[in-house]
Amino acid sequence: MKRKIQSGAKKLANAIALLSAELLLVFIIFFISLATLIVIIRQIFYRSQNNFDESVFNYLSQHVTNTNTVIMQWISFFGSHLFLVPAFLVFFTFIFFRYKSKWYFIKAVTAGVSNLLLMFGLKFFFNRPRPLIPLLKEVPGLSFPSGHAFMSLTFFGLIIYFVYLDVANKWIKWTVISFLILIIFLVGLSRVYLRVHYSSDVIAGFCFGILSLVILFLMLHQIEKFNAKKLPEHLSEVKNI
């Protein structure tokens with residue numbers, strides 16, 4: 001029994017060693033997001049507890065000022081459809097002309113469109129009403145997960161992916177990535193500050209966004225590998241004709 005455990009541990013260590021540090025980080029973030037999402041859904045929808053949401057509202061209410069409200073409204077715009085729809089179209093166009101291989105364009109469009117559909121599906125499924133105490137005005141629609149959080153993470157997450165692929169200078173790369181992560185966080189914060197979403201809505205939006213992007217890109221990567229294997233076989237068949 002001891003030898004089997006040692007053998008299993010050795011195999012696991014060897015498998016982990018084969019993973020790059022980046023891929024390992026992605027999987028860690030993936031499982032943290034999954035665990036967080038499970039806890040949130042359990043607390044909100046099964047136990048009907050929202051003490052955390054109320055605590056965050058109470059804390060942020062101490063920092064409500066006219067200046068902060070204007071800033072948060074401005075930041076919130078970067079997660080709205082008024083910004084994201086044209087921004088996605090510009091981004092898709094850039095990717096189409098930037099890369100000779102149209103596979104990158106297909107990846108970007110698939111991620112953007114599928115996450116939009118997933119976001120609407122999740123809102124309909126969970127059917128959670130918005131907070132009853134908006135700071136400025138009532139916003140239509142459902143609350144869980146936050147669409148601003150979900151789609152801003154999708155959009156800026158895609159940019160992060162391509163920045164990571166393309167930018168060679170590490171200092172520039174990680175500066176840009178850190179800045180984009182900050183924007184994503186601030187968009188989520190703005191929705192809670194404005195009291196149009198609970199904090200759990202925003203966190204869930206981030207978690208769903210991370211999970212969907214990781215799963216989607218893994219699936220697309222497998223399709224890419226499958227097609228790469230099939231193409232040489234197809235070419236060899238053509239040569240033999």
# chains A, B, ... in the order shown; residues from 1 in each chain; ligands from 1

$ residues_around --residues "region 78-81 of chain A" --least-positions-apart "4" --cutoff "8 Å" --atoms "only C-alpha atoms" --output "ChimeraX atom specification"
/A:74,85,147-149,151-152,187

$ residues_around --residues "region 27-36 of chain A" --least-positions-apart "2" --cutoff "9 Å" --atoms "only C-alpha atoms" --output "list in words"
Glu22, Leu23, Leu24, Leu25, Ile38, Val39, Ile40, Ile41, Ile203, Ala204, Phe206, Cys207, Phe208, Ile210, Leu211 and Val214 of chain A

$ select_by_dssp --residues "region 120-200 of chain A" --states "alpha helix (DSSP H)" --output "MDAnalysis selection string"
chainID A and resid 120:126 147:166 170:193 199:200

$ residues_around --residues "Asn50 (chain A)" --least-positions-apart "2" --cutoff "12 Å" --atoms "only C-alpha atoms" --output "number ranges by chain"
A: 39-48, 52-57, 131, 198-201

$ decode --residues "region 21-120 of chain A" --atoms "C-alpha atoms" --output "PDB file, in the first residue's frame"
ATOM      1  CA  ALA A  21       4.446  27.759 -14.499  1.00  0.00           C
ATOM      2  CA  GLU A  22       1.882  29.716 -16.516  1.00  0.00           C
ATOM      3  CA  LEU A  23      -0.369  26.735 -17.104  1.00  0.00           C
ATOM      4  CA  LEU A  24      -0.132  25.742 -13.451  1.00  0.00           C
ATOM      5  CA  LEU A  25      -1.159  29.266 -12.453  1.00  0.00           C
ATOM      6  CA  VAL A  26      -4.151  29.088 -14.806  1.00  0.00           C
ATOM      7  CA  PHE A  27      -5.319  25.831 -13.226  1.00  0.00           C
ATOM      8  CA  ILE A  28      -4.888  27.246  -9.710  1.00  0.00           C
ATOM      9  CA  ILE A  29      -6.987  30.298 -10.629  1.00  0.00           C
ATOM     10  CA  PHE A  30      -9.540  28.005 -12.292  1.00  0.00           C
ATOM     11  CA  PHE A  31     -10.045  25.826  -9.212  1.00  0.00           C
ATOM     12  CA  ILE A  32     -10.093  28.817  -6.839  1.00  0.00           C
ATOM     13  CA  SER A  33     -12.806  30.373  -9.036  1.00  0.00           C
ATOM     14  CA  LEU A  34     -14.760  27.127  -9.074  1.00  0.00           C
ATOM     15  CA  ALA A  35     -14.550  26.729  -5.295  1.00  0.00           C
ATOM     16  CA  THR A  36     -15.540  30.366  -4.731  1.00  0.00           C
ATOM     17  CA  LEU A  37     -18.507  30.003  -7.049  1.00  0.00           C
ATOM     18  CA  ILE A  38     -19.715  26.885  -5.249  1.00  0.00           C
ATOM     19  CA  VAL A  39     -19.524  28.676  -1.884  1.00  0.00           C
ATOM     20  CA  ILE A  40     -21.412  31.731  -3.204  1.00  0.00           C
ATOM     21  CA  ILE A  41     -24.201  29.692  -4.804  1.00  0.00           C
ATOM     22  CA  ARG A  42     -24.554  27.585  -1.658  1.00  0.00           C
ATOM     23  CA  GLN A  43     -24.748  30.618   0.629  1.00  0.00           C
ATOM     24  CA  ILE A  44     -27.056  32.736  -1.528  1.00  0.00           C
ATOM     25  CA  PHE A  45     -29.417  30.250  -3.125  1.00  0.00           C
ATOM     26  CA  TYR A  46     -29.474  27.332  -0.680  1.00  0.00           C
ATOM     27  CA  ARG A  47     -28.925  29.001   2.676  1.00  0.00           C
ATOM     28  CA  SER A  48     -30.423  32.387   1.710  1.00  0.00           C
ATOM     29  CA  GLN A  49     -27.634  34.206   3.534  1.00  0.00           C
ATOM     30  CA  ASN A  50     -26.376  37.556   2.268  1.00  0.00           C
ATOM     31  CA  ASN A  51     -24.567  38.900   5.318  1.00  0.00           C
ATOM     32  CA  PHE A  52     -21.413  39.397   3.285  1.00  0.00           C
ATOM     33  CA  ASP A  53     -23.264  41.457   0.674  1.00  0.00           C
ATOM     34  CA  GLU A  54     -24.811  43.663   3.339  1.00  0.00           C
ATOM     35  CA  SER A  55     -21.441  44.139   5.053  1.00  0.00           C
ATOM     36  CA  VAL A  56     -19.871  45.316   1.790  1.00  0.00           C
ATOM     37  CA  PHE A  57     -22.777  47.719   1.174  1.00  0.00           C
ATOM     38  CA  ASN A  58     -22.393  49.118   4.690  1.00  0.00           C
ATOM     39  CA  TYR A  59     -18.650  49.590   4.247  1.00  0.00           C
ATOM     40  CA  LEU A  60     -18.922  51.289   0.852  1.00  0.00           C
ATOM     41  CA  SER A  61     -21.723  53.567   2.081  1.00  0.00           C
ATOM     42  CA  GLN A  62     -19.139  55.237   4.339  1.00  0.00           C
ATOM     43  CA  HIS A  63     -17.195  56.306   1.243  1.00  0.00           C
ATOM     44  CA  VAL A  64     -20.050  57.692  -0.838  1.00  0.00           C
ATOM     45  CA  THR A  65     -19.286  61.206  -2.069  1.00  0.00           C
ATOM     46  CA  ASN A  66     -20.257  63.155  -5.170  1.00  0.00           C
ATOM     47  CA  THR A  67     -16.722  62.823  -6.532  1.00  0.00           C
ATOM     48  CA  ASN A  68     -16.536  59.078  -5.895  1.00  0.00           C
ATOM     49  CA  THR A  69     -19.960  58.590  -7.463  1.00  0.00           C
ATOM     50  CA  VAL A  70     -18.942  60.405 -10.651  1.00  0.00           C
ATOM     51  CA  ILE A  71     -15.732  58.340 -10.826  1.00  0.00           C
ATOM     52  CA  MET A  72     -17.605  55.077 -10.293  1.00  0.00           C
ATOM     53  CA  GLN A  73     -20.189  55.965 -12.955  1.00  0.00           C
ATOM     54  CA  TRP A  74     -17.354  56.638 -15.390  1.00  0.00           C
ATOM     55  CA  ILE A  75     -15.601  53.365 -14.536  1.00  0.00           C
ATOM     56  CA  SER A  76     -18.872  51.428 -14.782  1.00  0.00           C
ATOM     57  CA  PHE A  77     -19.213  52.610 -18.394  1.00  0.00           C
ATOM     58  CA  PHE A  78     -16.296  50.332 -19.376  1.00  0.00           C
ATOM     59  CA  GLY A  79     -18.383  47.297 -18.465  1.00  0.00           C
ATOM     60  CA  SER A  80     -21.557  48.474 -20.206  1.00  0.00           C
ATOM     61  CA  HIS A  81     -22.876  47.396 -23.594  1.00  0.00           C
ATOM     62  CA  LEU A  82     -22.434  50.987 -24.809  1.00  0.00           C
ATOM     63  CA  PHE A  83     -18.677  50.479 -24.530  1.00  0.00           C
ATOM     64  CA  LEU A  84     -18.261  46.729 -24.932  1.00  0.00           C
ATOM     65  CA  VAL A  85     -20.255  46.212 -28.156  1.00  0.00           C
ATOM     66  CA  PRO A  86     -18.169  48.637 -30.269  1.00  0.00           C
ATOM     67  CA  ALA A  87     -15.019  47.652 -28.357  1.00  0.00           C
ATOM     68  CA  PHE A  88     -15.531  43.976 -29.193  1.00  0.00           C
ATOM     69  CA  LEU A  89     -16.132  44.808 -32.870  1.00  0.00           C
ATOM     70  CA  VAL A  90     -12.927  46.876 -33.037  1.00  0.00           C
ATOM     71  CA  PHE A  91     -11.030  44.130 -31.225  1.00  0.00           C
ATOM     72  CA  PHE A  92     -12.333  41.389 -33.559  1.00  0.00           C
ATOM     73  CA  THR A  93     -11.373  43.507 -36.583  1.00  0.00           C
ATOM     74  CA  PHE A  94      -7.886  44.064 -35.195  1.00  0.00           C
ATOM     75  CA  ILE A  95      -7.376  40.337 -34.559  1.00  0.00           C
ATOM     76  CA  PHE A  96      -8.654  39.500 -38.066  1.00  0.00           C
ATOM     77  CA  PHE A  97      -6.038  41.689 -39.745  1.00  0.00           C
ATOM     78  CA  ARG A  98      -3.279  41.224 -37.145  1.00  0.00           C
ATOM     79  CA  TYR A  99      -2.804  37.469 -37.591  1.00  0.00           C
ATOM     80  CA  LYS A 100      -2.379  35.543 -40.827  1.00  0.00           C
ATOM     81  CA  SER A 101      -3.998  32.527 -39.207  1.00  0.00           C
ATOM     82  CA  LYS A 102      -7.719  33.195 -38.823  1.00  0.00           C
ATOM     83  CA  TRP A 103      -7.829  30.701 -35.982  1.00  0.00           C
ATOM     84  CA  TYR A 104      -7.057  33.517 -33.539  1.00  0.00           C
ATOM     85  CA  PHE A 105     -10.002  35.477 -34.916  1.00  0.00           C
ATOM     86  CA  ILE A 106     -12.247  32.436 -34.503  1.00  0.00           C
ATOM     87  CA  LYS A 107     -11.055  32.019 -30.901  1.00  0.00           C
ATOM     88  CA  ALA A 108     -11.799  35.645 -30.028  1.00  0.00           C
ATOM     89  CA  VAL A 109     -15.253  35.717 -31.648  1.00  0.00           C
ATOM     90  CA  THR A 110     -16.215  32.350 -30.158  1.00  0.00           C
ATOM     91  CA  ALA A 111     -15.214  33.504 -26.662  1.00  0.00           C
ATOM     92  CA  GLY A 112     -17.032  36.816 -26.946  1.00  0.00           C
ATOM     93  CA  VAL A 113     -20.288  35.490 -28.390  1.00  0.00           C
ATOM     94  CA  SER A 114     -20.493  32.310 -26.285  1.00  0.00           C
ATOM     95  CA  ASN A 115     -19.852  34.206 -23.046  1.00  0.00           C
ATOM     96  CA  LEU A 116     -22.541  36.740 -23.920  1.00  0.00           C
ATOM     97  CA  LEU A 117     -25.064  33.943 -24.455  1.00  0.00           C
ATOM     98  CA  LEU A 118     -23.877  32.159 -21.312  1.00  0.00           C
ATOM     99  CA  MET A 119     -24.269  35.314 -19.270  1.00  0.00           C
ATOM    100  CA  PHE A 120     -27.909  35.767 -20.312  1.00  0.00           C
TER     101      PHE A 120
END
